[in-house]
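See structure below.
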Amino acid sequence: MIRNFSDHAANERTFLAWVRTAIAIMAFGFLIAKFNVFLSLAQISLRGYRQAPLSNSGLGGVAGVAVTAAGVLIVALAAIRFLRLRQAIESAEEVPGGARLDLALAGLLVILGFALVAFLSHTVVAGL
(Lines give C-alpha, C1' and ligand atoms only; values in the text may rest on other atoms or scores of the structure.)
Protein backbone atom coordinates (compact mmCIF):
# COMPACT_ATOMS: atom_id res chain seq x y z
CA MET A 1 0.00 0.00 0.00
CA ILE A 2 1.22 3.50 -0.78
CA ARG A 3 1.99 5.56 2.29
CA ASN A 4 -0.33 8.61 2.61
CA PHE A 5 -2.30 7.45 -0.42
CA SER A 6 -5.33 9.64 0.28
CA ASP A 7 -3.13 12.74 0.50
CA HIS A 8 -1.38 11.88 -2.76
CA ALA A 9 -4.72 11.20 -4.47
CA ALA A 10 -6.12 14.55 -3.28
CA ASN A 11 -2.98 16.31 -4.52
CA GLU A 12 -3.32 14.68 -7.93
CA ARG A 13 -7.04 15.53 -8.19
CA THR A 14 -6.27 19.15 -7.40
CA PHE A 15 -3.50 19.21 -10.00
CA LEU A 16 -5.80 17.73 -12.64
CA ALA A 17 -8.48 20.30 -11.79
CA TRP A 18 -5.96 23.10 -12.40
CA VAL A 19 -4.92 21.46 -15.67
CA ARG A 20 -8.55 21.25 -16.82
CA THR A 21 -9.02 24.91 -15.94
CA ALA A 22 -5.87 25.86 -17.85
CA ILE A 23 -6.96 23.85 -20.91
CA ALA A 24 -10.30 25.66 -20.90
CA ILE A 25 -8.53 29.02 -20.64
CA MET A 26 -6.16 28.16 -23.49
CA ALA A 27 -9.10 27.05 -25.65
CA PHE A 28 -10.88 30.31 -24.88
CA GLY A 29 -7.78 32.28 -25.87
CA PHE A 30 -7.59 30.34 -29.13
CA LEU A 31 -11.26 31.12 -29.73
CA ILE A 32 -10.69 34.84 -29.13
CA ALA A 33 -7.78 34.91 -31.58
CA LYS A 34 -9.65 32.95 -34.26
CA PHE A 35 -12.77 35.10 -33.87
CA ASN A 36 -10.57 38.15 -34.45
CA VAL A 37 -9.39 36.56 -37.73
CA PHE A 38 -13.03 35.93 -38.65
CA LEU A 39 -13.88 39.59 -37.99
CA SER A 40 -10.95 40.70 -40.16
CA LEU A 41 -12.15 38.52 -43.04
CA ALA A 42 -15.71 39.72 -42.57
CA GLN A 43 -14.53 43.31 -42.70
CA ILE A 44 -12.73 42.68 -45.99
CA SER A 45 -15.72 40.96 -47.58
CA LEU A 46 -18.23 43.55 -46.32
CA ARG A 47 -16.16 46.58 -47.25
CA GLY A 48 -17.94 46.92 -50.60
CA TYR A 49 -21.40 46.58 -49.06
CA ARG A 50 -21.08 48.83 -46.07
CA GLN A 51 -19.91 52.41 -45.70
CA ALA A 52 -18.61 52.13 -42.13
CA PRO A 53 -16.00 49.39 -41.73
CA LEU A 54 -16.12 47.06 -38.74
CA SER A 55 -13.94 48.08 -35.83
CA ASN A 56 -10.82 45.92 -35.82
CA SER A 57 -7.91 47.26 -33.83
CA GLY A 58 -6.01 43.99 -33.60
CA LEU A 59 -6.67 43.74 -29.88
CA GLY A 60 -8.49 40.45 -30.37
CA GLY A 61 -5.38 38.67 -31.57
CA VAL A 62 -3.27 40.11 -28.77
CA ALA A 63 -5.92 39.22 -26.18
CA GLY A 64 -6.20 35.69 -27.55
CA VAL A 65 -2.46 35.13 -27.35
CA ALA A 66 -2.34 36.63 -23.84
CA VAL A 67 -5.17 34.43 -22.60
CA THR A 68 -3.55 31.34 -24.13
CA ALA A 69 -0.21 32.25 -22.54
CA ALA A 70 -1.96 32.69 -19.19
CA GLY A 71 -3.32 29.16 -19.54
CA VAL A 72 0.18 27.84 -20.15
CA LEU A 73 1.45 29.75 -17.10
CA ILE A 74 -1.32 28.23 -14.99
CA VAL A 75 -0.24 24.71 -16.02
CA ALA A 76 3.37 25.51 -15.08
CA LEU A 77 2.39 26.93 -11.68
CA ALA A 78 0.08 23.98 -11.02
CA ALA A 79 2.89 21.54 -11.82
CA ILE A 80 5.23 23.33 -9.42
CA ARG A 81 2.53 23.25 -6.74
CA PHE A 82 1.90 19.54 -7.35
CA LEU A 83 5.59 18.63 -7.04
CA ARG A 84 6.14 20.74 -3.92
CA LEU A 85 3.10 19.28 -2.21
CA ARG A 86 4.07 15.75 -3.23
CA GLN A 87 7.47 16.27 -1.65
CA ALA A 88 5.86 17.71 1.50
CA ILE A 89 3.53 14.69 1.78
CA GLU A 90 6.49 12.30 1.53
CA SER A 91 8.57 14.28 4.01
CA ALA A 92 8.62 12.89 7.53
CA GLU A 93 9.01 16.33 9.09
CA GLU A 94 6.22 18.81 9.66
CA VAL A 95 6.04 21.35 6.83
CA PRO A 96 4.13 24.60 7.32
CA GLY A 97 1.25 25.05 4.90
CA GLY A 98 2.21 27.19 1.94
CA ALA A 99 -0.74 28.85 0.33
CA ARG A 100 1.32 31.34 -1.67
CA LEU A 101 1.28 29.32 -4.87
CA ASP A 102 -2.44 28.64 -4.56
CA LEU A 103 -3.03 32.35 -4.06
CA ALA A 104 -0.79 33.12 -7.03
CA LEU A 105 -2.85 30.79 -9.24
CA ALA A 106 -6.10 32.33 -8.01
CA GLY A 107 -4.66 35.83 -8.46
CA LEU A 108 -3.65 34.98 -12.02
CA LEU A 109 -7.21 33.91 -12.76
CA VAL A 110 -8.56 37.14 -11.23
CA ILE A 111 -6.16 39.25 -13.33
CA LEU A 112 -7.15 37.24 -16.39
CA GLY A 113 -10.82 37.86 -15.63
CA PHE A 114 -10.28 41.61 -15.25
CA ALA A 115 -8.30 41.70 -18.50
CA LEU A 116 -11.10 39.91 -20.34
CA VAL A 117 -13.69 42.30 -18.90
CA ALA A 118 -11.57 45.25 -20.04
CA PHE A 119 -11.12 43.74 -23.51
CA LEU A 120 -14.81 42.94 -23.92
CA SER A 121 -15.89 46.37 -22.68
CA HIS A 122 -13.48 47.98 -25.13
CA THR A 123 -14.90 45.83 -27.93
CA VAL A 124 -18.48 46.72 -27.04
CA VAL A 125 -17.72 50.44 -26.76
CA ALA A 126 -15.80 50.41 -30.07
CA GLY A 127 -18.72 48.66 -31.74
CA LEU A 128 -21.20 51.40 -30.76
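Following the order of the C-alpha coordinates, chains are lettered A, B, ..., residues in each are numbered from 1, and ligands are numbered from 1.
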Practice prompt. Find the spatial neighbours of Ile80 in chain A, counting only C-alpha atoms, within a cut-off of 12 Å - ignore same-chain residues fewer than 5 positions away - and output them as a VMD selection string.
Written response: chain A and resid 11 15 18 73 to 75 85 to 87 100 to 102 104 to 105
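Distances to Ile111 in chain A were evaluated for A:His8, A:Val37, A:Val62, A:Ala70 using only C-alpha atoms, and the minimum falls at A:Ala70.
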Worksheet item: Can you tell me, as a list in words, what residues are no more than 9 Å from Gly64 in chain A when counting only C-alpha atoms, ignoring any on the same chain fewer than 5 positions away?
Response: Met26, Phe28, Gly29, Phe30, Leu31, Ile32, Ala33, Lys34, Asn36, Leu59 and Ala69 of chain A
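Nearest to Ala22 in chain A of all the residues A:Leu120, A:Leu108, A:Gly71, A:Gly113 is A:Gly71, based on only C-alpha atoms.
Nearest residue to Thr21 in chain A, choosing from A:Leu83, A:Ala9, A:Ala106, A:Ile2 and counting only C-alpha atoms: A:Ala106.
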Worksheet item: For Ala76 in chain A, which residue among A:Ile23, A:Phe38, A:Ala88, A:Val125 is the nearest when counting only C-alpha atoms?
Response: A:Ile23
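Between CA of Arg81 in chain A and CA of Ala99 in chain A the separation is 9.6 Å.
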Item to complete: Could you check which of A:Leu103, A:Leu109, A:Ile89, A:Ala79 is closest to Asp7 in chain A, using only C-alpha atoms?
Response: A:Ile89
Response to the item:
Separating CA of Arg20 in chain A from CA of Thr68 in chain A, to the nearest tenth of an Å, is a gap of 13.4 Å
Fill in: Counting only C-alpha atoms, the option among A:Ala78, A:Val19, A:Ala66, A:Val72 closest to Phe119 in chain A
A:Ala66
